[in-house]
Amino acid sequence: MRAFVFPGQGSQKIGMGADLAEASAIAREVFEEVDDVLGQNLSRIMWEGPEDELTLTENAQPAIMANAIAALRVLEKEGGIALAQKGDFVAGHSLGEYTALCAVGAFSLADTARLLKLRGRSMQAAVPVGEGAMAALLGADIEKATALAQAAAQGEVCSVANDNDPTQVVLSGHRGAIERAIGLVKEHGIKRGVALPVSAPFHCALMQPAADAMAEAFETTEPATLRLPLFANVTAAMVSDPAEVKRLLVEQVTGRVRWRESAIAMREAGVEHFVELGGKVLAPMIKRSAGEVDVTSAITMQDIEALAKAL
């Protein structure tokens, strides 16, 4: 069995998608449609920068999605590969969940771009700059990370945002609490705590205003039928009902990204081959979590051509 997976924020970099757009008219069409829908030259920011503009949450989220969907469309239209025929499940890390849903027809490309632009803006606006923070804990499992978060909170928000793999957990919350957590890592048997260069504390209770904004958006943009089931971030379980998908996407804004558990659950469901489109960040996490599985990452035209031959 095979799962197609899609990367989240942090995988963006200047030049992303440029070579693919040059090599393929199909890819160019994706970037042009996203530019038109958003009313901005996002592709120029992706290809030329400046970096601080690309890393803005409201730009990074649709950019990462567009890059992955461009790779998928090239695979499907030029490689002759139908995702619904070659895959059994999809999943995505945080914003990558929207990319996964676009890939299986739950949202159109235009709607996905609009939803991610809104999601990025709402997440940025939910907490004043400087009041929130996030930190990656290296050499930490979920038990150690949870204990550390509880010790560092002291009345503020400090919680597990991403359970990425058995060696990497991310905390999110008030800046003071996150700084305390970094200072307490050694006491909790954790190798290192590293403050992340993010503009807001994602996936924690402080994101509730953004969750409310997404709930409102889904009143007019409903998910359609999924061509393949999704393994959802907040449950690490399979979902295919559009109403349930909508509920989980709202919950995901403040909820934990249970990526380690999702990788294990997909493996237990029979997945032996994971294909990451548009990035190379999820593959190592999946291998550390799910063990003996085959993982392929495809970003470039060369990657996609090799993948099409192998599938």
# chains A, B, ... in the order shown; residues from 1 in each chain; ligands from 1
>>> residues_around(residues="Val234 in chain A", least_positions_apart="5", cutoff="12 Å", atoms="only C-alpha atoms", output="MDAnalysis selection string")
chainID A and resid 91:94 97 160:163 203:204 239 244:245 247:262
>>> closest_atom_pairs(of="range 218-296 of chain A", to="range 99-118 of chain A", cutoff="10 Å", atoms="only C-alpha atoms", output="CSV")
residue,atom,partner,partner_atom,distance
A:Phe218,CA,A:Leu115,CA,8.7
A:Thr221,CA,A:Asp111,CA,7.4
A:Glu222,CA,A:Phe107,CA,7.9
A:Pro223,CA,A:Ala106,CA,4.8
A:Ala224,CA,A:Ala106,CA,4.4
A:Thr225,CA,A:Ala106,CA,5.6
A:Leu226,CA,A:Ala106,CA,5.2
A:Arg227,CA,A:Val104,CA,5.0
A:Leu228,CA,A:Val104,CA,6.0
A:Pro229,CA,A:Val104,CA,8.4
A:Leu230,CA,A:Leu101,CA,7.6
A:Phe231,CA,A:Ala100,CA,9.6
A:Ser240,CA,A:Ala106,CA,9.7
A:Pro242,CA,A:Ala106,CA,7.7
A:Val245,CA,A:Leu101,CA,9.1
A:Leu277,CA,A:Ala100,CA,9.9
>>> write_last_selection(atoms="C-alpha atoms", output="compact mmCIF listing (two decimals), in the first residue's frame")
# COMPACT_ATOMS: atom_id res chain seq x y z
CA PHE A 218 -15.76 26.60 5.90
CA THR A 221 -16.23 26.58 1.32
CA GLU A 222 -17.27 23.03 2.11
CA PRO A 223 -15.00 20.02 1.48
CA ALA A 224 -16.21 17.74 -1.33
CA THR A 225 -15.92 13.94 -1.48
CA LEU A 226 -12.37 12.67 -0.99
CA ARG A 227 -10.97 10.36 -3.67
CA LEU A 228 -8.73 8.73 -1.01
CA PRO A 229 -8.98 8.72 2.80
CA LEU A 230 -6.90 11.22 4.81
CA PHE A 231 -4.95 10.46 7.98
CA SER A 240 -13.13 10.34 4.64
CA PRO A 242 -16.32 15.71 4.43
CA VAL A 245 -12.80 16.71 7.67
CA LEU A 277 5.66 15.54 -3.01
>>> closest_atom_pairs(of="range 164-255 of chain A", to="range 278-295 of chain A", cutoff="7 Å", atoms="only C-alpha atoms", output="tab-separated table")
residue	atom	partner	partner_atom	distance
A:Asn164	CA	A:Met285	CA	6.4
A:Asp165	CA	A:Met285	CA	5.4
A:Pro166	CA	A:Ser289	CA	6.2
>>> residues_around(residues="Ala82 in chain A", least_positions_apart="4", cutoff="12 Å", atoms="only C-alpha atoms", output="count of residues only")
17
>>> closest_residue(among="A:Glu305, A:Glu268, A:Asp36, A:Asp141", to="Met238 in chain A", atoms="only C-alpha atoms")
A:Glu268
>>> closest_residue(among="A:Arg121, A:Lys13, A:Lys186, A:Lys246", to="Ser199 in chain A", atoms="only C-alpha atoms")
A:Arg121
>>> residues_around(residues="Asn67 in chain A", least_positions_apart="5", cutoff="10 Å", atoms="only C-alpha atoms", output="PyMOL selection string")
chain A and resi 12+16-18+20-21+27+30-31+43+46+62+72+99+277-279+299
>>> select_by_dssp(residues="range 193-294 of chain A", states="strand (DSSP E or B)", output="short mmCIF file (atom, residue, chain, number, x, y, z; two decimals) with C-alpha atoms, in the first residue's frame")
data_model
loop_
_atom_site.label_atom_id
_atom_site.label_comp_id
_atom_site.auth_asym_id
_atom_site.auth_seq_id
_atom_site.Cartn_x
_atom_site.Cartn_y
_atom_site.Cartn_z
CA GLY A 193 15.86 23.13 23.14
CA VAL A 194 16.03 25.47 20.15
CA ALA A 195 13.86 28.56 19.70
CA LEU A 230 -6.90 11.22 4.81
CA PHE A 231 -4.95 10.46 7.98
CA MET A 238 -8.31 7.82 8.90
CA VAL A 239 -11.12 10.15 7.85
CA VAL A 257 0.09 17.73 14.86
CA HIS A 273 5.70 3.07 0.50
CA PHE A 274 5.45 6.78 1.33
CA VAL A 275 5.77 9.40 -1.43
CA GLU A 276 6.50 12.97 -0.34
CA LEU A 277 5.66 15.54 -3.01
CA ASP A 294 10.23 2.83 1.65
#
>>> residues_around(residues="Thr146 in chain A", least_positions_apart="2", cutoff="12 Å", atoms="only C-alpha atoms", output="PyMOL selection string")
chain A and resi 137+140-144+148-153+158-163+169-172+181+185+188+190+256
>>> write_last_selection(atoms="N, CA and C atoms", output="mmCIF file, in the first residue's frame")
data_model
loop_
_atom_site.group_PDB
_atom_site.id
_atom_site.type_symbol
_atom_site.label_atom_id
_atom_site.label_comp_id
_atom_site.auth_asym_id
_atom_site.auth_seq_id
_atom_site.Cartn_x
_atom_site.Cartn_y
_atom_site.Cartn_z
ATOM 1 N N LEU A 137 12.397 20.608 20.510
ATOM 2 C CA LEU A 137 13.118 19.826 21.513
ATOM 3 C C LEU A 137 13.784 18.656 20.805
ATOM 4 N N ALA A 140 14.006 14.434 22.386
ATOM 5 C CA ALA A 140 12.873 14.369 23.318
ATOM 6 C C ALA A 140 11.783 13.480 22.750
ATOM 7 N N ASP A 141 11.246 12.599 23.588
ATOM 8 C CA ASP A 141 10.046 11.873 23.186
ATOM 9 C C ASP A 141 8.838 12.613 23.752
ATOM 10 N N ILE A 142 7.645 12.121 23.436
ATOM 11 C CA ILE A 142 6.425 12.843 23.800
ATOM 12 C C ILE A 142 6.241 12.929 25.315
ATOM 13 N N GLU A 143 6.635 11.900 26.039
ATOM 14 C CA GLU A 143 6.477 11.900 27.508
ATOM 15 C C GLU A 143 7.352 12.973 28.146
ATOM 16 N N LYS A 144 8.624 13.032 27.731
ATOM 17 C CA LYS A 144 9.537 14.051 28.279
ATOM 18 C C LYS A 144 9.080 15.458 27.905
ATOM 19 N N LEU A 148 7.932 18.492 30.449
ATOM 20 C CA LEU A 148 8.626 19.776 30.382
ATOM 21 C C LEU A 148 7.634 20.918 30.182
ATOM 22 N N ALA A 149 6.684 20.726 29.280
ATOM 23 C CA ALA A 149 5.680 21.766 29.002
ATOM 24 C C ALA A 149 4.881 22.095 30.258
ATOM 25 N N GLN A 150 4.516 21.073 30.999
ATOM 26 C CA GLN A 150 3.743 21.290 32.234
ATOM 27 C C GLN A 150 4.570 22.048 33.273
ATOM 28 N N ALA A 151 5.851 21.723 33.363
ATOM 29 C CA ALA A 151 6.731 22.388 34.335
ATOM 30 C C ALA A 151 6.984 23.848 33.974
ATOM 31 N N ALA A 152 7.055 24.131 32.675
ATOM 32 C CA ALA A 152 7.409 25.484 32.219
ATOM 33 C C ALA A 152 6.209 26.424 32.146
ATOM 34 N N ALA A 153 4.993 25.886 32.112
ATOM 35 C CA ALA A 153 3.803 26.715 31.883
ATOM 36 C C ALA A 153 3.620 27.810 32.936
ATOM 37 N N CYS A 158 1.713 26.587 27.420
ATOM 38 C CA CYS A 158 2.927 25.899 26.967
ATOM 39 C C CYS A 158 2.514 24.461 26.687
ATOM 40 N N SER A 159 2.452 24.079 25.428
ATOM 41 C CA SER A 159 1.950 22.750 25.102
ATOM 42 C C SER A 159 2.667 22.171 23.893
ATOM 43 N N VAL A 160 2.495 20.873 23.698
ATOM 44 C CA VAL A 160 3.094 20.198 22.542
ATOM 45 C C VAL A 160 2.313 20.586 21.289
ATOM 46 N N ALA A 161 3.021 21.173 20.321
ATOM 47 C CA ALA A 161 2.399 21.582 19.057
ATOM 48 C C ALA A 161 2.570 20.514 17.986
ATOM 49 N N ASN A 162 3.784 19.974 17.879
ATOM 50 C CA ASN A 162 4.093 18.962 16.865
ATOM 51 C C ASN A 162 4.814 17.791 17.528
ATOM 52 N N ASP A 163 4.253 16.610 17.401
ATOM 53 C CA ASP A 163 4.946 15.382 17.789
ATOM 54 C C ASP A 163 5.448 14.790 16.475
ATOM 55 N N VAL A 169 10.188 16.905 19.146
ATOM 56 C CA VAL A 169 8.874 17.413 19.536
ATOM 57 C C VAL A 169 8.967 18.932 19.578
ATOM 58 N N VAL A 170 7.908 19.614 19.183
ATOM 59 C CA VAL A 170 7.898 21.077 19.179
ATOM 60 C C VAL A 170 6.881 21.587 20.194
ATOM 61 N N LEU A 171 7.313 22.573 21.004
ATOM 62 C CA LEU A 171 6.420 23.219 21.968
ATOM 63 C C LEU A 171 5.972 24.572 21.429
ATOM 64 N N SER A 172 4.794 25.016 21.871
ATOM 65 C CA SER A 172 4.258 26.301 21.448
ATOM 66 C C SER A 172 3.531 26.954 22.617
ATOM 67 N N ALA A 181 10.964 26.773 29.246
ATOM 68 C CA ALA A 181 11.098 25.379 28.794
ATOM 69 C C ALA A 181 12.499 25.116 28.243
ATOM 70 N N VAL A 185 15.484 22.137 29.795
ATOM 71 C CA VAL A 185 15.588 20.894 29.015
ATOM 72 C C VAL A 185 16.475 19.846 29.674
ATOM 73 N N HIS A 188 15.081 17.710 32.350
ATOM 74 C CA HIS A 188 14.087 16.737 31.892
ATOM 75 C C HIS A 188 14.684 15.679 30.961
ATOM 76 N N ILE A 190 16.456 16.039 28.242
ATOM 77 C CA ILE A 190 16.326 16.366 26.820
ATOM 78 C C ILE A 190 17.632 16.988 26.334
ATOM 79 N N ARG A 256 -2.725 19.555 18.347
ATOM 80 C CA ARG A 256 -1.397 18.981 18.129
ATOM 81 C C ARG A 256 -1.320 18.289 16.774
#
>>> select_by_dssp(residues="range 17-208 of chain A", states="alpha helix (DSSP H)", output="ChimeraX atom specification")
/A:18-23,25-38,42-48,51-54,57-77,83-86,96-103,109-126,142-153,175-183,208
>>> write_last_selection(atoms="C-alpha atoms", output="compact mmCIF listing (two decimals), in the first residue's frame")
# COMPACT_ATOMS: atom_id res chain seq x y z
CA ALA A 18 11.30 27.73 -10.43
CA ASP A 19 13.02 24.86 -12.26
CA LEU A 20 9.78 22.88 -12.39
CA ALA A 21 7.91 25.86 -13.88
CA GLU A 22 10.66 26.29 -16.47
CA ALA A 23 10.49 22.61 -17.42
CA ALA A 25 3.76 24.15 -18.76
CA ILE A 26 1.54 22.09 -16.41
CA ALA A 27 3.52 23.36 -13.40
CA ARG A 28 3.43 26.94 -14.71
CA GLU A 29 -0.37 26.76 -14.93
CA VAL A 30 -0.57 25.89 -11.21
CA PHE A 31 1.59 28.84 -10.17
CA GLU A 32 -0.30 31.20 -12.50
CA GLU A 33 -3.68 30.09 -11.13
CA VAL A 34 -2.55 30.63 -7.52
CA ASP A 35 -1.16 34.07 -8.43
CA ASP A 36 -4.46 35.02 -10.10
CA VAL A 37 -6.64 33.74 -7.25
CA LEU A 38 -4.63 35.55 -4.57
CA LEU A 42 3.38 34.87 -5.20
CA SER A 43 5.44 32.90 -7.73
CA ARG A 44 7.87 35.82 -8.05
CA ILE A 45 8.33 35.85 -4.26
CA MET A 46 8.88 32.07 -4.34
CA TRP A 47 11.49 32.26 -7.07
CA GLU A 48 13.24 35.56 -6.33
CA GLU A 51 13.24 35.71 1.94
CA ASP A 52 11.47 37.67 4.68
CA GLU A 53 8.46 38.03 2.37
CA LEU A 54 8.39 34.33 1.53
CA THR A 57 3.02 32.89 7.18
CA GLU A 58 0.35 34.18 4.78
CA ASN A 59 2.79 33.70 1.85
CA ALA A 60 4.64 30.57 2.98
CA GLN A 61 1.48 28.49 3.40
CA PRO A 62 0.00 28.92 -0.12
CA ALA A 63 3.53 28.81 -1.62
CA ILE A 64 4.34 25.41 -0.12
CA MET A 65 0.97 24.10 -1.24
CA ALA A 66 1.39 25.43 -4.80
CA ASN A 67 4.84 23.86 -5.08
CA ALA A 68 3.54 20.44 -4.01
CA ILE A 69 0.43 20.58 -6.21
CA ALA A 70 2.59 21.61 -9.19
CA ALA A 71 4.70 18.48 -8.62
CA LEU A 72 1.54 16.37 -8.33
CA ARG A 73 -0.03 17.79 -11.51
CA VAL A 74 3.16 17.12 -13.47
CA LEU A 75 3.23 13.56 -12.11
CA GLU A 76 -0.40 13.04 -13.06
CA LYS A 77 -0.59 14.82 -16.43
CA LEU A 83 -3.09 9.55 -7.52
CA ALA A 84 -6.34 7.75 -6.71
CA GLN A 85 -5.14 4.63 -8.54
CA LYS A 86 -1.54 4.56 -7.27
CA GLY A 96 0.17 20.10 4.21
CA GLU A 97 -3.17 18.64 5.23
CA TYR A 98 -4.83 21.22 2.96
CA THR A 99 -2.48 20.23 0.12
CA ALA A 100 -3.42 16.58 0.69
CA LEU A 101 -7.12 17.46 0.55
CA CYS A 102 -6.60 19.43 -2.67
CA ALA A 103 -4.76 16.41 -4.10
CA LEU A 109 -6.71 24.59 -6.17
CA ALA A 110 -8.29 28.05 -6.05
CA ASP A 111 -10.17 27.35 -2.83
CA THR A 112 -7.10 25.75 -1.22
CA ALA A 113 -5.00 28.83 -2.02
CA ARG A 114 -7.67 31.17 -0.60
CA LEU A 115 -8.12 29.06 2.56
CA LEU A 116 -4.37 28.94 3.22
CA LYS A 117 -3.97 32.70 2.67
CA LEU A 118 -6.74 33.27 5.23
CA ARG A 119 -5.29 30.64 7.58
CA GLY A 120 -1.86 32.26 7.43
CA ARG A 121 -3.21 35.76 8.03
CA SER A 122 -5.47 34.62 10.85
CA MET A 123 -2.72 32.68 12.61
CA GLN A 124 -0.40 35.69 12.36
CA ALA A 125 -3.08 38.04 13.70
CA ALA A 126 -4.17 35.77 16.58
CA ILE A 142 6.43 12.84 23.80
CA GLU A 143 6.48 11.90 27.51
CA LYS A 144 9.54 14.05 28.28
CA ALA A 145 8.19 16.93 26.20
CA THR A 146 4.80 16.85 27.92
CA ALA A 147 6.39 16.86 31.38
CA LEU A 148 8.63 19.78 30.38
CA ALA A 149 5.68 21.77 29.00
CA GLN A 150 3.74 21.29 32.23
CA ALA A 151 6.73 22.39 34.34
CA ALA A 152 7.41 25.48 32.22
CA ALA A 153 3.80 26.72 31.88
CA ARG A 175 7.13 33.48 24.97
CA GLY A 176 7.99 33.44 28.68
CA ALA A 177 6.84 29.83 29.06
CA ILE A 178 8.78 28.70 25.97
CA GLU A 179 11.92 30.44 27.24
CA ARG A 180 11.50 28.69 30.59
CA ALA A 181 11.10 25.38 28.79
CA ILE A 182 14.36 25.88 26.88
CA GLY A 183 16.10 26.61 30.18
CA GLN A 208 -8.31 30.10 18.91
>>> atom_distance(atom1="CA of Val90 in chain A", atom2="CA of Leu307 in chain A")
16.7 Å
>>> atom_distance(atom1="CA of His174 in chain A", atom2="CA of Val157 in chain A")
5.6 Å
>>> atom_distance(atom1="CA of Ser11 in chain A", atom2="CA of Met301 in chain A")
18.0 Å
>>> closest_residue(among="A:Gly132, A:Gly8, A:Gly270, A:Gly139", to="Ala205 in chain A", atoms="only C-alpha atoms")
A:Gly132
